[in-house]
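Listing of entry_25.cif, mmCIF, N, CA and C atoms
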```
data_data
#
loop_
_atom_site.label_atom_id
_atom_site.label_comp_id
_atom_site.auth_asym_id
_atom_site.auth_seq_id
_atom_site.Cartn_x
_atom_site.Cartn_y
_atom_site.Cartn_z
N MET A 1231 24.66 8.37 45.11
CA MET A 1231 25.03 9.42 46.06
C MET A 1231 24.14 9.34 47.28
N SER A 1232 24.77 9.38 48.45
CA SER A 1232 24.02 9.34 49.70
C SER A 1232 23.35 10.69 49.94
N ASN A 1233 22.16 10.65 50.52
CA ASN A 1233 21.45 11.89 50.86
C ASN A 1233 21.89 12.45 52.20
N ILE A 1234 22.65 11.70 52.97
CA ILE A 1234 23.10 12.16 54.27
C ILE A 1234 24.35 13.02 54.10
N VAL A 1235 24.37 14.18 54.78
CA VAL A 1235 25.50 15.08 54.69
C VAL A 1235 26.04 15.35 56.09
N GLU A 1236 27.35 15.36 56.21
CA GLU A 1236 28.01 15.66 57.48
C GLU A 1236 28.41 17.13 57.49
N ALA A 1237 28.26 17.77 58.62
CA ALA A 1237 28.75 19.13 58.82
C ALA A 1237 29.68 19.08 60.03
N ASN A 1238 30.94 19.35 59.79
CA ASN A 1238 31.95 19.32 60.85
C ASN A 1238 32.75 20.61 60.79
N LYS A 1239 32.94 21.20 61.94
CA LYS A 1239 33.63 22.48 61.96
C LYS A 1239 34.39 22.61 63.28
N GLU A 1240 35.59 23.14 63.21
CA GLU A 1240 36.38 23.47 64.40
C GLU A 1240 36.86 24.90 64.26
N PHE A 1241 36.72 25.68 65.33
CA PHE A 1241 37.16 27.06 65.32
C PHE A 1241 37.36 27.53 66.75
N SER A 1242 37.97 28.69 66.90
CA SER A 1242 38.17 29.24 68.24
C SER A 1242 37.62 30.66 68.29
N ILE A 1243 37.24 31.06 69.50
CA ILE A 1243 36.72 32.40 69.74
C ILE A 1243 37.50 33.00 70.89
N ASN A 1244 37.87 34.26 70.74
CA ASN A 1244 38.61 34.96 71.78
C ASN A 1244 37.64 35.39 72.89
N SER A 1245 37.24 34.41 73.67
CA SER A 1245 36.27 34.63 74.74
C SER A 1245 36.40 33.51 75.75
N SER A 1246 36.04 33.78 76.99
CA SER A 1246 36.15 32.74 78.02
C SER A 1246 35.14 31.62 77.77
N ILE A 1247 35.48 30.44 78.22
CA ILE A 1247 34.59 29.30 78.05
C ILE A 1247 33.28 29.52 78.82
N ASP A 1248 33.35 30.22 79.95
CA ASP A 1248 32.13 30.51 80.72
C ASP A 1248 31.16 31.38 79.91
N LYS A 1249 31.70 32.38 79.24
CA LYS A 1249 30.86 33.26 78.41
C LYS A 1249 30.27 32.50 77.23
N VAL A 1250 31.08 31.67 76.60
CA VAL A 1250 30.60 30.88 75.46
C VAL A 1250 29.53 29.90 75.92
N TRP A 1251 29.78 29.22 77.05
CA TRP A 1251 28.79 28.26 77.55
C TRP A 1251 27.47 28.96 77.90
N LEU A 1252 27.54 30.13 78.51
CA LEU A 1252 26.33 30.88 78.84
C LEU A 1252 25.52 31.17 77.58
N PHE A 1253 26.20 31.54 76.50
CA PHE A 1253 25.52 31.80 75.22
C PHE A 1253 24.92 30.52 74.66
N PHE A 1254 25.70 29.44 74.65
CA PHE A 1254 25.22 28.17 74.12
C PHE A 1254 24.08 27.59 74.96
N SER A 1255 24.06 27.88 76.24
CA SER A 1255 23.01 27.38 77.12
C SER A 1255 21.69 28.09 76.95
N ASP A 1256 21.71 29.26 76.33
CA ASP A 1256 20.48 30.01 76.05
C ASP A 1256 20.03 29.65 74.65
N ILE A 1257 19.08 28.74 74.56
CA ILE A 1257 18.68 28.19 73.26
C ILE A 1257 18.21 29.28 72.29
N GLY A 1258 17.55 30.30 72.79
CA GLY A 1258 17.10 31.40 71.93
C GLY A 1258 18.27 32.16 71.33
N LYS A 1259 19.27 32.47 72.15
CA LYS A 1259 20.46 33.17 71.64
C LYS A 1259 21.22 32.30 70.64
N LEU A 1260 21.41 31.04 71.00
CA LEU A 1260 22.15 30.14 70.11
C LEU A 1260 21.46 30.02 68.76
N LEU A 1261 20.17 29.81 68.77
CA LEU A 1261 19.44 29.64 67.51
C LEU A 1261 19.38 30.92 66.69
N SER A 1262 19.58 32.07 67.33
CA SER A 1262 19.59 33.33 66.59
C SER A 1262 20.74 33.39 65.59
N CYS A 1263 21.72 32.51 65.74
CA CYS A 1263 22.86 32.46 64.81
C CYS A 1263 22.63 31.49 63.65
N ILE A 1264 21.51 30.80 63.64
CA ILE A 1264 21.21 29.90 62.52
C ILE A 1264 20.94 30.76 61.29
N PRO A 1265 21.67 30.56 60.19
CA PRO A 1265 21.45 31.36 58.99
C PRO A 1265 20.01 31.26 58.49
N ASP A 1266 19.46 32.39 58.10
CA ASP A 1266 18.14 32.50 57.50
C ASP A 1266 17.00 32.13 58.46
N CYS A 1267 17.29 32.12 59.76
CA CYS A 1267 16.25 31.84 60.76
C CYS A 1267 15.28 33.02 60.81
N GLN A 1268 14.01 32.74 60.60
CA GLN A 1268 12.99 33.77 60.55
C GLN A 1268 12.24 33.93 61.86
N ASN A 1269 12.12 32.85 62.62
CA ASN A 1269 11.31 32.88 63.83
C ASN A 1269 11.83 31.83 64.81
N ILE A 1270 11.86 32.20 66.09
CA ILE A 1270 12.27 31.29 67.15
C ILE A 1270 11.21 31.35 68.24
N THR A 1271 10.65 30.20 68.59
CA THR A 1271 9.71 30.10 69.69
C THR A 1271 10.32 29.18 70.73
N VAL A 1272 10.80 29.76 71.83
CA VAL A 1272 11.42 28.98 72.89
C VAL A 1272 10.33 28.34 73.73
N LYS A 1273 10.40 27.01 73.87
CA LYS A 1273 9.42 26.27 74.67
C LYS A 1273 9.91 26.09 76.10
N ASN A 1274 11.19 25.80 76.27
CA ASN A 1274 11.84 25.72 77.58
C ASN A 1274 13.34 25.83 77.34
N SER A 1275 14.14 25.65 78.38
CA SER A 1275 15.59 25.88 78.26
C SER A 1275 16.28 24.92 77.29
N ASP A 1276 15.62 23.81 76.95
CA ASP A 1276 16.24 22.83 76.07
C ASP A 1276 15.44 22.53 74.81
N GLU A 1277 14.45 23.35 74.50
CA GLU A 1277 13.59 23.05 73.35
C GLU A 1277 13.03 24.33 72.74
N ALA A 1278 13.05 24.36 71.42
CA ALA A 1278 12.50 25.52 70.70
C ALA A 1278 12.06 25.09 69.31
N GLU A 1279 11.14 25.86 68.75
CA GLU A 1279 10.73 25.68 67.36
C GLU A 1279 11.30 26.84 66.56
N ILE A 1280 11.78 26.54 65.35
CA ILE A 1280 12.32 27.58 64.49
C ILE A 1280 11.74 27.45 63.09
N SER A 1281 11.77 28.57 62.38
CA SER A 1281 11.44 28.60 60.96
C SER A 1281 12.65 29.17 60.23
N ILE A 1282 13.06 28.48 59.19
CA ILE A 1282 14.21 28.90 58.39
C ILE A 1282 13.73 29.07 56.96
N LYS A 1283 13.98 30.24 56.38
CA LYS A 1283 13.60 30.49 54.99
C LYS A 1283 14.85 30.37 54.13
N MET A 1284 14.80 29.43 53.18
CA MET A 1284 15.94 29.22 52.29
C MET A 1284 15.51 29.39 50.84
N LYS A 1285 16.45 29.86 50.07
CA LYS A 1285 16.21 30.00 48.64
C LYS A 1285 17.23 29.13 47.92
N LEU A 1286 16.70 28.22 47.13
CA LEU A 1286 17.54 27.32 46.33
C LEU A 1286 17.22 27.59 44.86
N GLY A 1287 18.07 28.38 44.25
CA GLY A 1287 17.78 28.77 42.87
C GLY A 1287 16.53 29.63 42.84
N TYR A 1288 15.56 29.22 42.07
CA TYR A 1288 14.31 29.98 41.97
C TYR A 1288 13.25 29.51 42.96
N ILE A 1289 13.58 28.50 43.76
CA ILE A 1289 12.63 27.96 44.73
C ILE A 1289 12.92 28.54 46.11
N SER A 1290 11.88 29.06 46.77
CA SER A 1290 11.99 29.58 48.12
C SER A 1290 11.09 28.73 49.01
N LYS A 1291 11.60 28.34 50.18
CA LYS A 1291 10.84 27.46 51.06
C LYS A 1291 11.14 27.82 52.51
N THR A 1292 10.12 27.79 53.34
CA THR A 1292 10.30 27.96 54.78
C THR A 1292 10.20 26.59 55.44
N PHE A 1293 11.26 26.25 56.16
CA PHE A 1293 11.33 24.97 56.87
C PHE A 1293 11.07 25.21 58.34
N SER A 1294 10.25 24.39 58.94
CA SER A 1294 10.01 24.46 60.39
C SER A 1294 10.66 23.25 61.04
N MET A 1295 11.29 23.49 62.20
CA MET A 1295 11.97 22.41 62.90
C MET A 1295 11.79 22.56 64.40
N LEU A 1296 11.75 21.43 65.08
CA LEU A 1296 11.77 21.39 66.53
C LEU A 1296 13.19 21.04 66.94
N ILE A 1297 13.80 21.91 67.75
CA ILE A 1297 15.17 21.71 68.21
C ILE A 1297 15.11 21.25 69.67
N GLN A 1298 15.81 20.18 69.98
CA GLN A 1298 15.84 19.67 71.34
C GLN A 1298 17.28 19.37 71.76
N VAL A 1299 17.69 19.91 72.90
CA VAL A 1299 18.98 19.57 73.49
C VAL A 1299 18.71 18.39 74.41
N SER A 1300 19.33 17.26 74.11
CA SER A 1300 19.05 16.04 74.86
C SER A 1300 20.03 15.80 76.01
N GLU A 1301 21.20 16.40 75.91
CA GLU A 1301 22.21 16.18 76.94
C GLU A 1301 23.19 17.34 76.92
N LYS A 1302 23.63 17.76 78.11
CA LYS A 1302 24.65 18.81 78.16
C LYS A 1302 25.40 18.73 79.49
N THR A 1303 26.68 19.07 79.42
CA THR A 1303 27.53 19.18 80.59
C THR A 1303 28.22 20.53 80.51
N GLN A 1304 28.04 21.34 81.55
CA GLN A 1304 28.54 22.71 81.56
C GLN A 1304 30.00 22.81 81.14
N ASN A 1305 30.24 23.74 80.23
CA ASN A 1305 31.58 24.06 79.71
C ASN A 1305 32.25 22.90 78.98
N GLN A 1306 31.47 21.85 78.64
CA GLN A 1306 32.07 20.72 77.95
C GLN A 1306 31.39 20.39 76.63
N TYR A 1307 30.08 20.08 76.66
CA TYR A 1307 29.42 19.68 75.42
C TYR A 1307 27.91 19.77 75.54
N LEU A 1308 27.27 19.75 74.37
CA LEU A 1308 25.83 19.56 74.30
C LEU A 1308 25.51 18.72 73.08
N ILE A 1309 24.47 17.91 73.21
CA ILE A 1309 24.00 17.04 72.13
C ILE A 1309 22.60 17.49 71.77
N PHE A 1310 22.31 17.58 70.47
CA PHE A 1310 21.01 18.10 70.05
C PHE A 1310 20.44 17.31 68.88
N LYS A 1311 19.14 17.53 68.68
CA LYS A 1311 18.43 16.96 67.54
C LYS A 1311 17.47 18.02 67.04
N ALA A 1312 17.39 18.13 65.73
CA ALA A 1312 16.42 19.03 65.09
C ALA A 1312 15.63 18.19 64.11
N SER A 1313 14.31 18.30 64.19
CA SER A 1313 13.50 17.50 63.28
C SER A 1313 12.34 18.32 62.73
N GLY A 1314 12.04 18.04 61.49
CA GLY A 1314 10.93 18.69 60.81
C GLY A 1314 10.47 17.81 59.67
N ASP A 1315 9.49 18.29 58.92
CA ASP A 1315 8.97 17.51 57.80
C ASP A 1315 9.99 17.32 56.68
N ASP A 1316 10.91 18.27 56.55
CA ASP A 1316 11.83 18.25 55.42
C ASP A 1316 13.20 17.65 55.71
N ALA A 1317 13.62 17.68 56.99
CA ALA A 1317 14.96 17.19 57.31
C ALA A 1317 15.07 16.85 58.79
N GLU A 1318 16.11 16.08 59.08
CA GLU A 1318 16.46 15.77 60.47
C GLU A 1318 17.94 16.04 60.61
N LEU A 1319 18.31 16.61 61.74
CA LEU A 1319 19.70 16.95 62.00
C LEU A 1319 20.03 16.50 63.42
N THR A 1320 21.12 15.81 63.59
CA THR A 1320 21.60 15.44 64.91
C THR A 1320 23.03 15.92 65.04
N GLY A 1321 23.44 16.25 66.26
CA GLY A 1321 24.80 16.73 66.39
C GLY A 1321 25.27 16.90 67.81
N LYS A 1322 26.55 17.23 67.90
CA LYS A 1322 27.20 17.46 69.18
C LYS A 1322 28.15 18.64 69.05
N VAL A 1323 28.14 19.50 70.06
CA VAL A 1323 29.05 20.63 70.14
C VAL A 1323 29.92 20.41 71.37
N THR A 1324 31.23 20.49 71.19
CA THR A 1324 32.14 20.36 72.33
C THR A 1324 32.95 21.64 72.49
N LEU A 1325 33.28 21.95 73.73
CA LEU A 1325 34.04 23.15 74.06
C LEU A 1325 35.30 22.76 74.82
N ASP A 1326 36.34 23.55 74.60
CA ASP A 1326 37.58 23.41 75.34
C ASP A 1326 38.19 24.80 75.42
N SER A 1327 39.07 25.04 76.37
CA SER A 1327 39.64 26.38 76.47
C SER A 1327 41.12 26.35 76.83
N LYS A 1328 41.78 27.44 76.45
CA LYS A 1328 43.18 27.64 76.78
C LYS A 1328 43.50 29.12 76.57
N ASN A 1329 44.06 29.75 77.58
CA ASN A 1329 44.49 31.15 77.49
C ASN A 1329 43.39 32.09 77.01
N ASN A 1330 42.22 32.00 77.60
CA ASN A 1330 41.06 32.83 77.27
C ASN A 1330 40.56 32.66 75.84
N LEU A 1331 40.97 31.60 75.19
CA LEU A 1331 40.41 31.21 73.89
C LEU A 1331 39.50 30.01 74.14
N THR A 1332 38.36 30.01 73.50
CA THR A 1332 37.48 28.84 73.59
C THR A 1332 37.48 28.16 72.23
N PHE A 1333 37.75 26.88 72.26
CA PHE A 1333 37.78 26.06 71.06
C PHE A 1333 36.44 25.35 70.94
N ILE A 1334 35.80 25.52 69.81
CA ILE A 1334 34.48 24.95 69.58
C ILE A 1334 34.58 23.97 68.42
N LYS A 1335 34.00 22.81 68.64
CA LYS A 1335 33.96 21.79 67.60
C LYS A 1335 32.54 21.28 67.51
N TYR A 1336 32.00 21.28 66.31
CA TYR A 1336 30.70 20.65 66.17
C TYR A 1336 30.69 19.67 65.02
N ASN A 1337 29.92 18.62 65.25
CA ASN A 1337 29.73 17.56 64.27
C ASN A 1337 28.24 17.35 64.17
N SER A 1338 27.72 17.35 62.97
CA SER A 1338 26.30 17.08 62.80
C SER A 1338 26.06 16.30 61.52
N THR A 1339 24.95 15.62 61.51
CA THR A 1339 24.52 14.83 60.36
C THR A 1339 23.16 15.35 59.94
N ILE A 1340 23.03 15.68 58.67
CA ILE A 1340 21.77 16.18 58.12
C ILE A 1340 21.20 15.11 57.20
N THR A 1341 19.96 14.73 57.48
CA THR A 1341 19.27 13.74 56.66
C THR A 1341 18.02 14.37 56.08
N PRO A 1342 18.00 14.66 54.77
CA PRO A 1342 16.78 15.22 54.18
C PRO A 1342 15.67 14.18 54.15
N LYS A 1343 14.44 14.64 54.37
CA LYS A 1343 13.30 13.73 54.38
C LYS A 1343 12.32 14.02 53.25
N SER A 1344 12.26 15.26 52.78
CA SER A 1344 11.32 15.61 51.71
C SER A 1344 12.03 15.62 50.36
N ALA A 1345 11.26 15.69 49.31
CA ALA A 1345 11.82 15.76 47.95
C ALA A 1345 12.67 17.02 47.79
N LEU A 1346 12.20 18.15 48.33
CA LEU A 1346 12.95 19.40 48.21
C LEU A 1346 14.27 19.31 48.99
N GLY A 1347 14.23 18.72 50.17
CA GLY A 1347 15.46 18.54 50.94
C GLY A 1347 16.46 17.67 50.22
N LYS A 1348 15.99 16.60 49.63
CA LYS A 1348 16.87 15.70 48.87
C LYS A 1348 17.43 16.40 47.63
N MET A 1349 16.60 17.23 46.99
CA MET A 1349 17.06 17.97 45.82
C MET A 1349 18.14 18.98 46.22
N ALA A 1350 17.93 19.68 47.33
CA ALA A 1350 18.92 20.66 47.79
C ALA A 1350 20.26 20.00 48.07
N ILE A 1351 20.21 18.85 48.73
CA ILE A 1351 21.45 18.13 49.05
C ILE A 1351 22.12 17.64 47.77
N SER A 1352 21.35 17.10 46.83
CA SER A 1352 21.99 16.57 45.63
C SER A 1352 22.55 17.67 44.73
N PHE A 1353 21.91 18.85 44.70
CA PHE A 1353 22.42 19.94 43.86
C PHE A 1353 23.51 20.76 44.54
N MET A 1354 23.33 21.05 45.81
CA MET A 1354 24.25 21.96 46.49
C MET A 1354 25.09 21.26 47.55
N GLY A 1355 24.59 20.19 48.11
CA GLY A 1355 25.30 19.34 49.05
C GLY A 1355 26.26 20.04 49.98
N GLN A 1356 27.51 19.63 49.92
CA GLN A 1356 28.51 20.12 50.86
C GLN A 1356 28.76 21.61 50.73
N ASN A 1357 28.62 22.18 49.54
CA ASN A 1357 28.80 23.62 49.38
C ASN A 1357 27.79 24.40 50.21
N LEU A 1358 26.53 23.97 50.18
CA LEU A 1358 25.48 24.62 50.97
C LEU A 1358 25.80 24.50 52.46
N ILE A 1359 26.17 23.33 52.91
CA ILE A 1359 26.49 23.11 54.32
C ILE A 1359 27.68 23.98 54.72
N ASN A 1360 28.71 24.04 53.90
CA ASN A 1360 29.88 24.87 54.21
C ASN A 1360 29.52 26.35 54.30
N GLN A 1361 28.69 26.83 53.38
CA GLN A 1361 28.27 28.24 53.41
C GLN A 1361 27.49 28.55 54.69
N GLN A 1362 26.54 27.67 55.03
CA GLN A 1362 25.73 27.89 56.23
C GLN A 1362 26.61 27.81 57.48
N SER A 1363 27.56 26.90 57.50
CA SER A 1363 28.48 26.77 58.64
C SER A 1363 29.30 28.04 58.83
N GLU A 1364 29.81 28.59 57.75
CA GLU A 1364 30.60 29.83 57.83
C GLU A 1364 29.76 30.99 58.36
N ARG A 1365 28.54 31.08 57.90
CA ARG A 1365 27.65 32.15 58.38
C ARG A 1365 27.34 31.98 59.87
N PHE A 1366 27.15 30.75 60.32
CA PHE A 1366 26.90 30.46 61.73
C PHE A 1366 28.09 30.88 62.58
N VAL A 1367 29.30 30.52 62.16
CA VAL A 1367 30.51 30.85 62.89
C VAL A 1367 30.69 32.37 62.97
N LYS A 1368 30.48 33.07 61.87
CA LYS A 1368 30.63 34.54 61.88
C LYS A 1368 29.65 35.19 62.85
N CYS A 1369 28.44 34.68 62.92
CA CYS A 1369 27.47 35.20 63.86
C CYS A 1369 27.93 34.98 65.30
N LEU A 1370 28.38 33.77 65.59
CA LEU A 1370 28.89 33.47 66.94
C LEU A 1370 30.05 34.40 67.31
N GLU A 1371 30.98 34.55 66.39
CA GLU A 1371 32.13 35.43 66.63
C GLU A 1371 31.70 36.86 66.92
N SER A 1372 30.74 37.35 66.17
CA SER A 1372 30.29 38.73 66.38
C SER A 1372 29.58 38.90 67.72
N LYS A 1373 28.91 37.87 68.19
CA LYS A 1373 28.17 37.98 69.45
C LYS A 1373 29.00 37.64 70.68
N LEU A 1374 30.12 36.94 70.49
CA LEU A 1374 30.90 36.48 71.64
C LEU A 1374 32.28 37.12 71.79
N SER A 1375 32.82 37.69 70.75
CA SER A 1375 34.18 38.25 70.84
C SER A 1375 34.18 39.62 71.48
#
```

What do you get writing this file as structure tokens?
Amino acid sequence: MSNIVEANKEFSINSSIDKVWLFFSDIGKLLSCIPDCQNITVKNSDEAEISIKMKLGYISKTFSMLIQVSEKTQNQYLIFKASGDDAELTGKVTLDSKNNLTFIKYNSTITPKSALGKMAISFMGQNLINQQSERFVKCLESKLS
């Protein structure tokens, strides 16, 4: 079994693309929708450090990651990387709009680096990613609709 997990999601929000882009462009606001995020320290408009507390069965762990947006084009897409001792995540978010609906698509790859990260992926794998993705989308919807 591969330790690399893909997270892919497509959804729409009843909001203008300008409003969605403004939210996505504010790294602090965007990261506030990361499930179980405990702390966000914004370094600049394209970089922040976060702490995420996760519970896997009886094990509780706080993960720290540096998030960096490496490329972005207004109202179209952003490319990011998140790295920490336990995992690395790379991804792209694309936006499109029609009739005041904004269509959001994100693709990311999660690569665990620590023993705990590898254990989480092997035990919970895609189910964990799907749960976290759903929570992220619900947060975005509540803040943007």

Decode the PyMOL selection byres (((chain A and resi 1260 and name CA) around 12) and name CA) for the given file into explicit residues and return them as a PDB file with N, CA and C atoms, in the coordinates of the input.
```pdb
ATOM      1  N   VAL A1250      31.080  31.670  76.600  1.00  0.00           N
ATOM      2  CA  VAL A1250      30.600  30.880  75.460  1.00  0.00           C
ATOM      3  C   VAL A1250      29.530  29.900  75.920  1.00  0.00           C
ATOM      4  N   TRP A1251      29.780  29.220  77.050  1.00  0.00           N
ATOM      5  CA  TRP A1251      28.790  28.260  77.550  1.00  0.00           C
ATOM      6  C   TRP A1251      27.470  28.960  77.900  1.00  0.00           C
ATOM      7  N   LEU A1252      27.540  30.130  78.510  1.00  0.00           N
ATOM      8  CA  LEU A1252      26.330  30.880  78.840  1.00  0.00           C
ATOM      9  C   LEU A1252      25.520  31.170  77.580  1.00  0.00           C
ATOM     10  N   PHE A1253      26.200  31.540  76.500  1.00  0.00           N
ATOM     11  CA  PHE A1253      25.520  31.800  75.220  1.00  0.00           C
ATOM     12  C   PHE A1253      24.920  30.520  74.660  1.00  0.00           C
ATOM     13  N   PHE A1254      25.700  29.440  74.650  1.00  0.00           N
ATOM     14  CA  PHE A1254      25.220  28.170  74.120  1.00  0.00           C
ATOM     15  C   PHE A1254      24.080  27.590  74.960  1.00  0.00           C
ATOM     16  N   SER A1255      24.060  27.880  76.240  1.00  0.00           N
ATOM     17  CA  SER A1255      23.010  27.380  77.120  1.00  0.00           C
ATOM     18  C   SER A1255      21.690  28.090  76.950  1.00  0.00           C
ATOM     19  N   ASP A1256      21.710  29.260  76.330  1.00  0.00           N
ATOM     20  CA  ASP A1256      20.480  30.010  76.050  1.00  0.00           C
ATOM     21  C   ASP A1256      20.030  29.650  74.650  1.00  0.00           C
ATOM     22  N   ILE A1257      19.080  28.740  74.560  1.00  0.00           N
ATOM     23  CA  ILE A1257      18.680  28.190  73.260  1.00  0.00           C
ATOM     24  C   ILE A1257      18.210  29.280  72.290  1.00  0.00           C
ATOM     25  N   GLY A1258      17.550  30.300  72.790  1.00  0.00           N
ATOM     26  CA  GLY A1258      17.100  31.400  71.930  1.00  0.00           C
ATOM     27  C   GLY A1258      18.270  32.160  71.330  1.00  0.00           C
ATOM     28  N   LYS A1259      19.270  32.470  72.150  1.00  0.00           N
ATOM     29  CA  LYS A1259      20.460  33.170  71.640  1.00  0.00           C
ATOM     30  C   LYS A1259      21.220  32.300  70.640  1.00  0.00           C
ATOM     31  N   LEU A1261      20.170  29.810  68.770  1.00  0.00           N
ATOM     32  CA  LEU A1261      19.440  29.640  67.510  1.00  0.00           C
ATOM     33  C   LEU A1261      19.380  30.920  66.690  1.00  0.00           C
ATOM     34  N   SER A1262      19.580  32.070  67.330  1.00  0.00           N
ATOM     35  CA  SER A1262      19.590  33.330  66.590  1.00  0.00           C
ATOM     36  C   SER A1262      20.740  33.390  65.590  1.00  0.00           C
ATOM     37  N   CYS A1263      21.720  32.510  65.740  1.00  0.00           N
ATOM     38  CA  CYS A1263      22.860  32.460  64.810  1.00  0.00           C
ATOM     39  C   CYS A1263      22.630  31.490  63.650  1.00  0.00           C
ATOM     40  N   ILE A1264      21.510  30.800  63.640  1.00  0.00           N
ATOM     41  CA  ILE A1264      21.210  29.900  62.520  1.00  0.00           C
ATOM     42  C   ILE A1264      20.940  30.760  61.290  1.00  0.00           C
ATOM     43  N   PRO A1265      21.670  30.560  60.190  1.00  0.00           N
ATOM     44  CA  PRO A1265      21.450  31.360  58.990  1.00  0.00           C
ATOM     45  C   PRO A1265      20.010  31.260  58.490  1.00  0.00           C
ATOM     46  N   CYS A1267      17.290  32.120  59.760  1.00  0.00           N
ATOM     47  CA  CYS A1267      16.250  31.840  60.760  1.00  0.00           C
ATOM     48  C   CYS A1267      15.280  33.020  60.810  1.00  0.00           C
ATOM     49  N   ILE A1270      11.860  32.200  66.090  1.00  0.00           N
ATOM     50  CA  ILE A1270      12.270  31.290  67.150  1.00  0.00           C
ATOM     51  C   ILE A1270      11.210  31.350  68.240  1.00  0.00           C
ATOM     52  N   VAL A1272      10.800  29.760  71.830  1.00  0.00           N
ATOM     53  CA  VAL A1272      11.420  28.980  72.890  1.00  0.00           C
ATOM     54  C   VAL A1272      10.330  28.340  73.730  1.00  0.00           C
ATOM     55  N   SER A1275      14.140  25.650  78.380  1.00  0.00           N
ATOM     56  CA  SER A1275      15.590  25.880  78.260  1.00  0.00           C
ATOM     57  C   SER A1275      16.280  24.920  77.290  1.00  0.00           C
ATOM     58  N   ASP A1276      15.620  23.810  76.950  1.00  0.00           N
ATOM     59  CA  ASP A1276      16.240  22.830  76.070  1.00  0.00           C
ATOM     60  C   ASP A1276      15.440  22.530  74.810  1.00  0.00           C
ATOM     61  N   GLU A1277      14.450  23.350  74.500  1.00  0.00           N
ATOM     62  CA  GLU A1277      13.590  23.050  73.350  1.00  0.00           C
ATOM     63  C   GLU A1277      13.030  24.330  72.740  1.00  0.00           C
ATOM     64  N   ALA A1278      13.050  24.360  71.420  1.00  0.00           N
ATOM     65  CA  ALA A1278      12.500  25.520  70.700  1.00  0.00           C
ATOM     66  C   ALA A1278      12.060  25.090  69.310  1.00  0.00           C
ATOM     67  N   ILE A1280      11.780  26.540  65.350  1.00  0.00           N
ATOM     68  CA  ILE A1280      12.320  27.580  64.490  1.00  0.00           C
ATOM     69  C   ILE A1280      11.740  27.450  63.090  1.00  0.00           C
ATOM     70  N   ILE A1297      13.800  21.910  67.750  1.00  0.00           N
ATOM     71  CA  ILE A1297      15.170  21.710  68.210  1.00  0.00           C
ATOM     72  C   ILE A1297      15.110  21.250  69.670  1.00  0.00           C
ATOM     73  N   VAL A1299      17.690  19.910  72.900  1.00  0.00           N
ATOM     74  CA  VAL A1299      18.980  19.570  73.490  1.00  0.00           C
ATOM     75  C   VAL A1299      18.710  18.390  74.410  1.00  0.00           C
ATOM     76  N   LEU A1308      27.270  19.750  74.370  1.00  0.00           N
ATOM     77  CA  LEU A1308      25.830  19.560  74.300  1.00  0.00           C
ATOM     78  C   LEU A1308      25.510  18.720  73.080  1.00  0.00           C
ATOM     79  N   VAL A1323      28.140  19.500  70.060  1.00  0.00           N
ATOM     80  CA  VAL A1323      29.050  20.630  70.140  1.00  0.00           C
ATOM     81  C   VAL A1323      29.920  20.410  71.370  1.00  0.00           C
ATOM     82  N   PHE A1366      27.150  30.750  60.320  1.00  0.00           N
ATOM     83  CA  PHE A1366      26.900  30.460  61.730  1.00  0.00           C
ATOM     84  C   PHE A1366      28.090  30.880  62.580  1.00  0.00           C
ATOM     85  N   VAL A1367      29.300  30.520  62.160  1.00  0.00           N
ATOM     86  CA  VAL A1367      30.510  30.850  62.890  1.00  0.00           C
ATOM     87  C   VAL A1367      30.690  32.370  62.970  1.00  0.00           C
ATOM     88  N   CYS A1369      28.440  34.680  62.920  1.00  0.00           N
ATOM     89  CA  CYS A1369      27.470  35.200  63.860  1.00  0.00           C
ATOM     90  C   CYS A1369      27.930  34.980  65.300  1.00  0.00           C
ATOM     91  N   LEU A1370      28.380  33.770  65.590  1.00  0.00           N
ATOM     92  CA  LEU A1370      28.890  33.470  66.940  1.00  0.00           C
ATOM     93  C   LEU A1370      30.050  34.400  67.310  1.00  0.00           C
ATOM     94  N   GLU A1371      30.980  34.550  66.390  1.00  0.00           N
ATOM     95  CA  GLU A1371      32.130  35.430  66.630  1.00  0.00           C
ATOM     96  C   GLU A1371      31.700  36.860  66.920  1.00  0.00           C
ATOM     97  N   LYS A1373      28.910  37.870  68.190  1.00  0.00           N
ATOM     98  CA  LYS A1373      28.170  37.980  69.450  1.00  0.00           C
ATOM     99  C   LYS A1373      29.000  37.640  70.680  1.00  0.00           C
ATOM    100  N   LEU A1374      30.120  36.940  70.490  1.00  0.00           N
ATOM    101  CA  LEU A1374      30.900  36.480  71.640  1.00  0.00           C
ATOM    102  C   LEU A1374      32.280  37.120  71.790  1.00  0.00           C
TER     103      LEU A1374
END
```

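Atom N of A:Met1284 is positioned 19.8 Å from atom C of A:Thr1320.
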
Review point. What are the DSSP alpha helix (DSSP H) residues of stretch 1295-1355 of chain A, as a list in words?
Key: Ala1345, Leu1346, Gly1347, Lys1348, Met1349, Ala1350, Ile1351, Ser1352, Phe1353, Met1354 and Gly1355 of chain A

note - atom CA of A:Thr1332 and atom CA of A:Thr1271 are separated by 28.1 Å

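Residue nearest A:Tyr1307, chosen from A:Ile1282, A:Leu1325, A:Ile1243, A:Ile1334 and counting all atoms listed in the file: A:Leu1325.
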
Written as a ChimeraX atom specification, which residues does the PyMOL selection byres ((chain A and resi 1321) around 6) give for the file shown? /A:1308-1311,1319-1320,1322-1323,1337-1339

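From atom C of A:Asn1305 back to atom N of A:Ala1317, the distance works out to 29.3 Å.
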
**Request:** For the file shown, report as a list of chain:residue names the outcome of the PyMOL selection byres (((chain A and resi 1285 and name CA) around 12) and name CA) at residue level.
**Result:** A:Pro1265, A:Asp1266, A:Ile1282, A:Lys1283, A:Met1284, A:Leu1286, A:Gly1287, A:Tyr1288, A:Ile1289, A:Ser1290, A:Lys1291, A:Thr1292, A:Phe1293, A:Leu1346, A:Gly1347, A:Ala1350, A:Met1354, A:Leu1358

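All residues of protein, DNA or RNA that reach within 8 Å of A:Lys1239, judged by only C-alpha atoms and not counting those fewer than 5 positions away in the chain, are Lys1335, Tyr1336, Asn1337 and Ser1363 of chain A.
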
Discussion item. Is it possible to get the residues within 8 Å of (27.2, 14.2, 57.4) (coordinates as in the file, counting all atoms listed in the file) written as a VMD selection string?
Written reply: chain A and resid 1233 to 1238 1337 to 1341
